[in-house]
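Below is start_6.pdb, which holds PDB, C-alpha atoms.
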ATOM      1  CA  MET A   1      21.774 -21.513  40.850  1.00  0.00           C
ATOM      2  CA  LYS A   2      21.133 -23.585  37.704  1.00  0.00           C
ATOM      3  CA  LEU A   3      17.430 -22.782  37.903  1.00  0.00           C
ATOM      4  CA  LYS A   4      18.200 -19.068  38.185  1.00  0.00           C
ATOM      5  CA  ILE A   5      20.408 -19.165  35.053  1.00  0.00           C
ATOM      6  CA  VAL A   6      17.722 -21.069  33.131  1.00  0.00           C
ATOM      7  CA  ALA A   7      15.119 -18.492  34.212  1.00  0.00           C
ATOM      8  CA  VAL A   8      17.332 -15.593  33.081  1.00  0.00           C
ATOM      9  CA  ILE A   9      17.960 -17.257  29.731  1.00  0.00           C
ATOM     10  CA  ALA A  10      14.217 -17.870  29.317  1.00  0.00           C
ATOM     11  CA  VAL A  11      13.440 -14.201  30.062  1.00  0.00           C
ATOM     12  CA  ILE A  12      16.066 -13.045  27.560  1.00  0.00           C
ATOM     13  CA  ALA A  13      14.715 -15.412  24.882  1.00  0.00           C
ATOM     14  CA  LEU A  14      11.118 -14.306  25.455  1.00  0.00           C
ATOM     15  CA  THR A  15      12.118 -10.633  25.353  1.00  0.00           C
ATOM     16  CA  ALA A  16      14.002 -11.130  22.092  1.00  0.00           C
ATOM     17  CA  ALA A  17      11.087 -13.046  20.578  1.00  0.00           C
ATOM     18  CA  SER A  18       8.573 -10.370  21.568  1.00  0.00           C
ATOM     19  CA  LEU A  19      10.756  -7.604  20.148  1.00  0.00           C
ATOM     20  CA  PHE A  20      10.989  -9.529  16.884  1.00  0.00           C
ATOM     21  CA  ALA A  21       7.226 -10.047  16.818  1.00  0.00           C
ATOM     22  CA  PHE A  22       6.524  -6.344  17.328  1.00  0.00           C
ATOM     23  CA  THR A  23       9.059  -5.141  14.762  1.00  0.00           C
ATOM     24  CA  GLN A  24       8.249  -7.598  11.997  1.00  0.00           C
ATOM     25  CA  LYS A  25       5.967  -6.086   9.391  1.00  0.00           C
ATOM     26  CA  PRO A  26       3.175  -8.101   7.779  1.00  0.00           C
ATOM     27  CA  ALA A  27       3.642  -9.072   4.161  1.00  0.00           C
ATOM     28  CA  ALA A  28       1.223  -7.543   1.697  1.00  0.00           C
ATOM     29  CA  PRO A  29      -1.384 -10.088   0.600  1.00  0.00           C
ATOM     30  CA  ASP A  30      -0.632 -11.993  -2.589  1.00  0.00           C
ATOM     31  CA  VAL A  31      -3.265 -10.701  -4.991  1.00  0.00           C
ATOM     32  CA  ALA A  32      -3.682 -10.541  -8.757  1.00  0.00           C
ATOM     33  CA  PHE A  33      -4.194  -7.088 -10.230  1.00  0.00           C
ATOM     34  CA  SER A  34      -5.632  -6.299 -13.667  1.00  0.00           C
ATOM     35  CA  THR A  35      -5.073  -2.815 -15.090  1.00  0.00           C
ATOM     36  CA  LEU A  36      -7.587  -0.825 -17.091  1.00  0.00           C
ATOM     37  CA  GLN A  37      -5.628  -1.893 -20.188  1.00  0.00           C
ATOM     38  CA  GLY A  38      -5.893  -5.578 -19.227  1.00  0.00           C
ATOM     39  CA  GLN A  39      -2.299  -6.053 -18.064  1.00  0.00           C
ATOM     40  CA  ARG A  40      -1.931  -8.451 -15.161  1.00  0.00           C
ATOM     41  CA  PHE A  41       0.543  -8.482 -12.302  1.00  0.00           C
ATOM     42  CA  ARG A  42       0.758  -9.754  -8.737  1.00  0.00           C
ATOM     43  CA  THR A  43       1.808  -8.184  -5.470  1.00  0.00           C
ATOM     44  CA  ALA A  44       5.133 -10.030  -5.692  1.00  0.00           C
ATOM     45  CA  ASP A  45       5.888  -8.186  -8.956  1.00  0.00           C
ATOM     46  CA  LEU A  46       5.998  -4.927  -6.971  1.00  0.00           C
ATOM     47  CA  ARG A  47       8.932  -6.027  -4.812  1.00  0.00           C
ATOM     48  CA  GLY A  48      11.939  -3.778  -5.163  1.00  0.00           C
ATOM     49  CA  LYS A  49       9.707  -0.688  -5.259  1.00  0.00           C
ATOM     50  CA  VAL A  50       8.060   1.373  -2.567  1.00  0.00           C
ATOM     51  CA  VAL A  51       4.346   1.217  -3.351  1.00  0.00           C
ATOM     52  CA  LEU A  52       1.230   3.056  -2.286  1.00  0.00           C
ATOM     53  CA  VAL A  53      -1.849   0.867  -2.835  1.00  0.00           C
ATOM     54  CA  ASN A  54      -4.803   3.265  -2.782  1.00  0.00           C
ATOM     55  CA  PHE A  55      -8.402   2.022  -2.598  1.00  0.00           C
ATOM     56  CA  TRP A  56     -10.702   4.633  -4.071  1.00  0.00           C
ATOM     57  CA  ALA A  57     -13.949   5.263  -5.972  1.00  0.00           C
ATOM     58  CA  THR A  58     -15.090   7.893  -8.445  1.00  0.00           C
ATOM     59  CA  THR A  59     -18.095   8.584  -6.184  1.00  0.00           C
ATOM     60  CA  CYS A  60     -15.874   9.312  -3.170  1.00  0.00           C
ATOM     61  CA  THR A  61     -15.314  13.067  -2.879  1.00  0.00           C
ATOM     62  CA  SER A  62     -12.233  12.660  -0.656  1.00  0.00           C
ATOM     63  CA  CYS A  63     -10.758  10.220  -3.185  1.00  0.00           C
ATOM     64  CA  VAL A  64     -11.268  12.617  -6.079  1.00  0.00           C
ATOM     65  CA  LYS A  65      -9.895  15.500  -3.982  1.00  0.00           C
ATOM     66  CA  GLU A  66      -6.665  13.631  -3.140  1.00  0.00           C
ATOM     67  CA  MET A  67      -5.870  12.576  -6.737  1.00  0.00           C
ATOM     68  CA  PRO A  68      -3.889  15.733  -7.684  1.00  0.00           C
ATOM     69  CA  ALA A  69      -1.692  15.285  -4.576  1.00  0.00           C
ATOM     70  CA  LEU A  70      -1.249  11.568  -5.353  1.00  0.00           C
ATOM     71  CA  LYS A  71      -0.250  12.582  -8.895  1.00  0.00           C
ATOM     72  CA  ALA A  72       2.311  15.065  -7.539  1.00  0.00           C
ATOM     73  CA  THR A  73       3.635  12.392  -5.156  1.00  0.00           C
ATOM     74  CA  GLN A  74       4.026   9.919  -8.025  1.00  0.00           C
ATOM     75  CA  GLU A  75       5.875  12.486 -10.126  1.00  0.00           C
ATOM     76  CA  LYS A  76       8.140  13.489  -7.216  1.00  0.00           C
ATOM     77  CA  PHE A  77       9.234   9.966  -6.222  1.00  0.00           C
ATOM     78  CA  GLN A  78       8.852   7.704  -9.290  1.00  0.00           C
ATOM     79  CA  ALA A  79      12.466   8.103 -10.444  1.00  0.00           C
ATOM     80  CA  ARG A  80      13.587   6.688  -7.072  1.00  0.00           C
ATOM     81  CA  GLY A  81      11.526   3.490  -7.355  1.00  0.00           C
ATOM     82  CA  TYR A  82       8.080   4.577  -6.143  1.00  0.00           C
ATOM     83  CA  GLN A  83       4.810   3.404  -7.658  1.00  0.00           C
ATOM     84  CA  THR A  84       1.154   4.181  -6.982  1.00  0.00           C
ATOM     85  CA  VAL A  85      -1.419   1.463  -7.614  1.00  0.00           C
ATOM     86  CA  ALA A  86      -4.951   2.877  -7.487  1.00  0.00           C
ATOM     87  CA  VAL A  87      -7.549   0.154  -6.909  1.00  0.00           C
ATOM     88  CA  ALA A  88     -11.069   1.087  -8.007  1.00  0.00           C
ATOM     89  CA  MET A  89     -13.643  -0.504  -5.719  1.00  0.00           C
ATOM     90  CA  ASP A  90     -15.901  -3.264  -7.055  1.00  0.00           C
ATOM     91  CA  TYR A  91     -18.998  -1.029  -7.010  1.00  0.00           C
ATOM     92  CA  ASP A  92     -17.354   1.580  -9.258  1.00  0.00           C
ATOM     93  CA  PRO A  93     -18.443   1.090 -12.915  1.00  0.00           C
ATOM     94  CA  PRO A  94     -15.379   0.345 -15.110  1.00  0.00           C
ATOM     95  CA  ALA A  95     -16.476   2.858 -17.784  1.00  0.00           C
ATOM     96  CA  GLN A  96     -16.733   5.567 -15.131  1.00  0.00           C
ATOM     97  CA  VAL A  97     -13.249   4.726 -13.798  1.00  0.00           C
ATOM     98  CA  SER A  98     -11.751   4.775 -17.307  1.00  0.00           C
ATOM     99  CA  ALA A  99     -13.373   8.129 -18.102  1.00  0.00           C
ATOM    100  CA  PHE A 100     -12.089   9.628 -14.833  1.00  0.00           C
ATOM    101  CA  VAL A 101      -8.525   8.428 -15.468  1.00  0.00           C
ATOM    102  CA  ALA A 102      -8.530   9.688 -19.078  1.00  0.00           C
ATOM    103  CA  ARG A 103     -10.018  13.050 -18.116  1.00  0.00           C
ATOM    104  CA  ASN A 104      -7.418  13.632 -15.390  1.00  0.00           C
ATOM    105  CA  ALA A 105      -4.290  12.226 -17.121  1.00  0.00           C
ATOM    106  CA  LEU A 106      -3.134  10.443 -13.979  1.00  0.00           C
ATOM    107  CA  PRO A 107       0.358   8.906 -14.208  1.00  0.00           C
ATOM    108  CA  PHE A 108      -0.066   5.808 -12.096  1.00  0.00           C
ATOM    109  CA  THR A 109      -1.361   2.290 -12.403  1.00  0.00           C
ATOM    110  CA  PHE A 110      -5.132   1.896 -12.151  1.00  0.00           C
ATOM    111  CA  VAL A 111      -6.680  -1.482 -11.505  1.00  0.00           C
ATOM    112  CA  LEU A 112     -10.259  -2.675 -11.239  1.00  0.00           C
ATOM    113  CA  ASP A 113     -11.315  -4.785  -8.284  1.00  0.00           C
ATOM    114  CA  ARG A 114     -14.173  -6.350 -10.262  1.00  0.00           C
ATOM    115  CA  ASP A 115     -15.193  -8.885  -7.622  1.00  0.00           C
ATOM    116  CA  GLY A 116     -13.963  -7.203  -4.433  1.00  0.00           C
ATOM    117  CA  SER A 117     -11.258  -9.823  -3.865  1.00  0.00           C
ATOM    118  CA  ILE A 118      -8.410  -7.296  -3.693  1.00  0.00           C
ATOM    119  CA  ALA A 119     -10.195  -5.205  -1.042  1.00  0.00           C
ATOM    120  CA  ARG A 120     -11.060  -8.365   0.929  1.00  0.00           C
ATOM    121  CA  SER A 121      -7.411  -9.445   0.836  1.00  0.00           C
ATOM    122  CA  PHE A 122      -6.314  -6.075   2.219  1.00  0.00           C
ATOM    123  CA  GLU A 123      -8.173  -6.450   5.541  1.00  0.00           C
ATOM    124  CA  GLY A 124     -11.623  -6.154   3.957  1.00  0.00           C
ATOM    125  CA  VAL A 125     -11.336  -2.529   2.854  1.00  0.00           C
ATOM    126  CA  ARG A 126     -14.732  -0.818   2.552  1.00  0.00           C
ATOM    127  CA  LEU A 127     -13.884   2.768   3.508  1.00  0.00           C
ATOM    128  CA  THR A 128     -12.420   4.949   0.768  1.00  0.00           C
ATOM    129  CA  PRO A 129      -9.872   6.294   0.520  1.00  0.00           C
ATOM    130  CA  THR A 130      -7.740   3.717   2.287  1.00  0.00           C
ATOM    131  CA  SER A 131      -4.062   3.412   1.422  1.00  0.00           C
ATOM    132  CA  TYR A 132      -1.298   0.969   2.281  1.00  0.00           C
ATOM    133  CA  ILE A 133       2.400   1.747   1.991  1.00  0.00           C
ATOM    134  CA  LEU A 134       4.574  -1.236   1.052  1.00  0.00           C
ATOM    135  CA  ASN A 135       8.341  -1.225   1.453  1.00  0.00           C
ATOM    136  CA  ARG A 136      10.726  -2.684  -1.116  1.00  0.00           C
ATOM    137  CA  ARG A 137      10.389  -6.127   0.522  1.00  0.00           C
ATOM    138  CA  GLY A 138       6.613  -6.143  -0.007  1.00  0.00           C
ATOM    139  CA  GLU A 139       5.773  -5.553   3.654  1.00  0.00           C
ATOM    140  CA  ILE A 140       2.986  -3.264   4.817  1.00  0.00           C
ATOM    141  CA  VAL A 141       4.601  -0.462   6.799  1.00  0.00           C
ATOM    142  CA  LEU A 142       1.670   1.940   7.062  1.00  0.00           C
ATOM    143  CA  LYS A 143      -2.105   1.986   6.647  1.00  0.00           C
ATOM    144  CA  ILE A 144      -3.791   5.328   6.036  1.00  0.00           C
ATOM    145  CA  LEU A 145      -7.544   5.774   6.485  1.00  0.00           C
ATOM    146  CA  GLY A 146      -8.842   8.843   4.685  1.00  0.00           C
ATOM    147  CA  GLU A 147      -6.784  11.436   2.862  1.00  0.00           C
ATOM    148  CA  PRO A 148      -3.097  11.347   3.849  1.00  0.00           C
ATOM    149  CA  ASP A 149      -1.161  14.173   5.414  1.00  0.00           C
ATOM    150  CA  PHE A 150       1.065  14.520   2.364  1.00  0.00           C
ATOM    151  CA  ASP A 151       3.998  16.116   4.213  1.00  0.00           C
ATOM    152  CA  LYS A 152       4.105  13.114   6.567  1.00  0.00           C
ATOM    153  CA  LEU A 153       3.575  10.703   3.668  1.00  0.00           C
ATOM    154  CA  HIS A 154       6.498  12.248   1.763  1.00  0.00           C
ATOM    155  CA  ALA A 155       8.726  11.921   4.839  1.00  0.00           C
ATOM    156  CA  VAL A 156       7.834   8.214   5.117  1.00  0.00           C
ATOM    157  CA  LEU A 157       8.466   7.692   1.400  1.00  0.00           C
ATOM    158  CA  ASP A 158      11.841   9.469   1.598  1.00  0.00           C
ATOM    159  CA  LYS A 159      12.871   7.155   4.434  1.00  0.00           C
ATOM    160  CA  LEU A 160      11.638   3.977   2.700  1.00  0.00           C
ATOM    161  CA  LEU A 161      13.218   4.891  -0.631  1.00  0.00           C
ATOM    162  CA  ALA A 162      16.585   5.373   1.101  1.00  0.00           C
ATOM    163  CA  GLU A 163      16.476   1.782   2.416  1.00  0.00           C
ATOM    164  CA  PRO A 164      18.039  -1.051   0.406  1.00  0.00           C
ATOM    165  CA  ALA A 165      15.761  -3.559  -1.273  1.00  0.00           C
TER     166      ALA A 165
END

Represent the structure contained in this file as structure tokens.
Amino acid sequence: MKLKIVAVIAVIALTAASLFAFTQKPAAPDVAFSTLQGQRFRTADLRGKVVLVNFWATTCTSCVKEMPALKATQEKFQARGYQTVAVAMDYDPPAQVSAFVARNALPFTFVLDRDGSIARSFEGVRLTPTSYILNRRGEIVLKILGEPDFDKLHAVLDKLLAEPA
């Protein structure tokens, strides 16, 4: 009888632990960002906001195509605590990135991944566009390869922005 009770307790504990493991979201990697204007911040500085970290390049046609929709998304959600951080890949010339941003008047934060360390920290990103959605606690809740379905993205953002920090 005692052995049976111990076995039941063990099964319950293992079930609870596995549920926790599958529901816990990974923390975004702790990286240092440097904007086009030279301002520096870290991943931890983004806590309290819902963030889309978008890896892109000026030579990527899908990346360029999605920028107007990313701009509209930023404008729609920024008042609720949303921020877009666009990370230019290490092979993208800084002057070309700056010219693209100026020409398109994009309202989000652009950073240069000069040595590829940011992309390596985010699971070794090489394919662009690749985006990560971070919740207010700095956890990765979604990874998007390619251009997002913006209706689905907006639904996810609405849900995340309604959650407490």

- Message: Here's the selection I'm unsure about, the PyMOL selection byres ((chain A and resi 45-57) around 8); applied to the file above, which residues does it give, as a PyMOL selection string?
- Response: chain A and resi 41-44+58-60+63-64+81-89+92+97+119+125+128-138+157+160-161+165

Let's have the selection written as a compact mmCIF listing (two decimals), in the frame of the given file, with C-alpha atoms.
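Okay, part_11.txt is ready:
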# COMPACT_ATOMS: atom_id res chain seq x y z
CA PHE A 41 0.54 -8.48 -12.30
CA ARG A 42 0.76 -9.75 -8.74
CA THR A 43 1.81 -8.18 -5.47
CA ALA A 44 5.13 -10.03 -5.69
CA THR A 58 -15.09 7.89 -8.44
CA THR A 59 -18.10 8.58 -6.18
CA CYS A 60 -15.87 9.31 -3.17
CA CYS A 63 -10.76 10.22 -3.18
CA VAL A 64 -11.27 12.62 -6.08
CA GLY A 81 11.53 3.49 -7.36
CA TYR A 82 8.08 4.58 -6.14
CA GLN A 83 4.81 3.40 -7.66
CA THR A 84 1.15 4.18 -6.98
CA VAL A 85 -1.42 1.46 -7.61
CA ALA A 86 -4.95 2.88 -7.49
CA VAL A 87 -7.55 0.15 -6.91
CA ALA A 88 -11.07 1.09 -8.01
CA MET A 89 -13.64 -0.50 -5.72
CA ASP A 92 -17.35 1.58 -9.26
CA VAL A 97 -13.25 4.73 -13.80
CA ALA A 119 -10.20 -5.20 -1.04
CA VAL A 125 -11.34 -2.53 2.85
CA THR A 128 -12.42 4.95 0.77
CA PRO A 129 -9.87 6.29 0.52
CA THR A 130 -7.74 3.72 2.29
CA SER A 131 -4.06 3.41 1.42
CA TYR A 132 -1.30 0.97 2.28
CA ILE A 133 2.40 1.75 1.99
CA LEU A 134 4.57 -1.24 1.05
CA ASN A 135 8.34 -1.23 1.45
CA ARG A 136 10.73 -2.68 -1.12
CA ARG A 137 10.39 -6.13 0.52
CA GLY A 138 6.61 -6.14 -0.01
CA LEU A 157 8.47 7.69 1.40
CA LEU A 160 11.64 3.98 2.70
CA LEU A 161 13.22 4.89 -0.63
CA ALA A 165 15.76 -3.56 -1.27

Could you list the residues chosen by the PyMOL selection byres ((chain A and resi 111) around 6) in this structure as a PDB file with C-alpha atoms, in the coordinates of the input?
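Once written, out_20.pdb looks like this:
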ATOM      1  CA  SER A  34      -5.632  -6.299 -13.667  1.00  0.00           C
ATOM      2  CA  THR A  35      -5.073  -2.815 -15.090  1.00  0.00           C
ATOM      3  CA  LEU A  36      -7.587  -0.825 -17.091  1.00  0.00           C
ATOM      4  CA  VAL A  87      -7.549   0.154  -6.909  1.00  0.00           C
ATOM      5  CA  PHE A 110      -5.132   1.896 -12.151  1.00  0.00           C
ATOM      6  CA  LEU A 112     -10.259  -2.675 -11.239  1.00  0.00           C
TER       7      LEU A 112
END

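Of the listed residues A:Tyr91, A:Ala72, A:His154, A:Glu123, the one whose atoms come nearest to Pro107 (chain A) is A:Ala72, with distances taken using only C-alpha atoms.
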
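Each of A:Pro29, A:Pro164, A:Pro94, A:Gly146 was compared to Ile118 (chain A) using all atoms listed in the file, and A:Pro29 turns out to be the nearest.
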
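The space between CA of Glu75 (chain A) and CA of Pro148 (chain A) spans 16.6 Å.
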
Region 22-40 of chain A, all listed atoms, 6 Å padding on each side: what axis-aligned box centre and edge lengths in Å to one decimal come out, as AutoDock Vina command-line options?
--center_x 0.7 --center_y -6.4 --center_z -1.4 --size_x 28.6 --size_y 23.2 --size_z 49.5

- Task: Would you work out the distance separating CA of Ala32 (chain A) from CA of Phe122 (chain A), expressed in Å to one decimal?
- Result: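 Between CA of Ala32 (chain A) and CA of Phe122 (chain A) the gap is 12.1 Å.
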
- Message: Between CA of Thr73 (chain A) and CA of Ala105 (chain A), what is the distance in Å, rounded to a tenth?
- Response: 14.4 Å

- Among A:Leu106, A:Arg120, A:Arg114, A:Ala162, Leu70 (chain A) is approached most closely, using only C-alpha atoms, by A:Leu106

How about completing region 31-43 of chain A with N, CA and C atoms and giving it to me as a PDB file, keeping the file's coordinate frame?
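Output file rebuild-v2.pdb follows:
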ATOM      1  N   VAL A  31      -2.061 -10.866  -4.178  1.00  0.00           N
ATOM      2  CA  VAL A  31      -3.265 -10.701  -4.991  1.00  0.00           C
ATOM      3  C   VAL A  31      -2.889 -10.496  -6.456  1.00  0.00           C
ATOM      4  N   ALA A  32      -3.843 -10.767  -7.323  1.00  0.00           N
ATOM      5  CA  ALA A  32      -3.682 -10.541  -8.757  1.00  0.00           C
ATOM      6  C   ALA A  32      -4.382  -9.238  -9.115  1.00  0.00           C
ATOM      7  N   PHE A  33      -3.654  -8.362  -9.779  1.00  0.00           N
ATOM      8  CA  PHE A  33      -4.194  -7.088 -10.230  1.00  0.00           C
ATOM      9  C   PHE A  33      -4.404  -7.143 -11.743  1.00  0.00           C
ATOM     10  N   SER A  34      -5.406  -6.430 -12.231  1.00  0.00           N
ATOM     11  CA  SER A  34      -5.632  -6.299 -13.667  1.00  0.00           C
ATOM     12  C   SER A  34      -5.859  -4.814 -13.959  1.00  0.00           C
ATOM     13  N   THR A  35      -4.983  -4.242 -14.795  1.00  0.00           N
ATOM     14  CA  THR A  35      -5.073  -2.815 -15.090  1.00  0.00           C
ATOM     15  C   THR A  35      -6.249  -2.520 -16.018  1.00  0.00           C
ATOM     16  N   LEU A  36      -6.526  -1.242 -16.172  1.00  0.00           N
ATOM     17  CA  LEU A  36      -7.587  -0.825 -17.091  1.00  0.00           C
ATOM     18  C   LEU A  36      -7.304  -1.302 -18.517  1.00  0.00           C
ATOM     19  N   GLN A  37      -6.024  -1.441 -18.845  1.00  0.00           N
ATOM     20  CA  GLN A  37      -5.628  -1.893 -20.188  1.00  0.00           C
ATOM     21  C   GLN A  37      -5.549  -3.423 -20.288  1.00  0.00           C
ATOM     22  N   GLY A  38      -5.878  -4.124 -19.202  1.00  0.00           N
ATOM     23  CA  GLY A  38      -5.893  -5.578 -19.227  1.00  0.00           C
ATOM     24  C   GLY A  38      -4.577  -6.239 -18.863  1.00  0.00           C
ATOM     25  N   GLN A  39      -3.571  -5.464 -18.486  1.00  0.00           N
ATOM     26  CA  GLN A  39      -2.299  -6.053 -18.064  1.00  0.00           C
ATOM     27  C   GLN A  39      -2.467  -6.641 -16.670  1.00  0.00           C
ATOM     28  N   ARG A  40      -1.804  -7.772 -16.447  1.00  0.00           N
ATOM     29  CA  ARG A  40      -1.931  -8.451 -15.161  1.00  0.00           C
ATOM     30  C   ARG A  40      -0.585  -8.480 -14.453  1.00  0.00           C
ATOM     31  N   PHE A  41      -0.648  -8.335 -13.133  1.00  0.00           N
ATOM     32  CA  PHE A  41       0.543  -8.482 -12.302  1.00  0.00           C
ATOM     33  C   PHE A  41       0.090  -8.875 -10.907  1.00  0.00           C
ATOM     34  N   ARG A  42       1.044  -9.319 -10.107  1.00  0.00           N
ATOM     35  CA  ARG A  42       0.758  -9.754  -8.737  1.00  0.00           C
ATOM     36  C   ARG A  42       1.510  -8.858  -7.754  1.00  0.00           C
ATOM     37  N   THR A  43       1.144  -8.959  -6.517  1.00  0.00           N
ATOM     38  CA  THR A  43       1.808  -8.184  -5.470  1.00  0.00           C
ATOM     39  C   THR A  43       3.312  -8.444  -5.490  1.00  0.00           C
TER      40      THR A  43
END
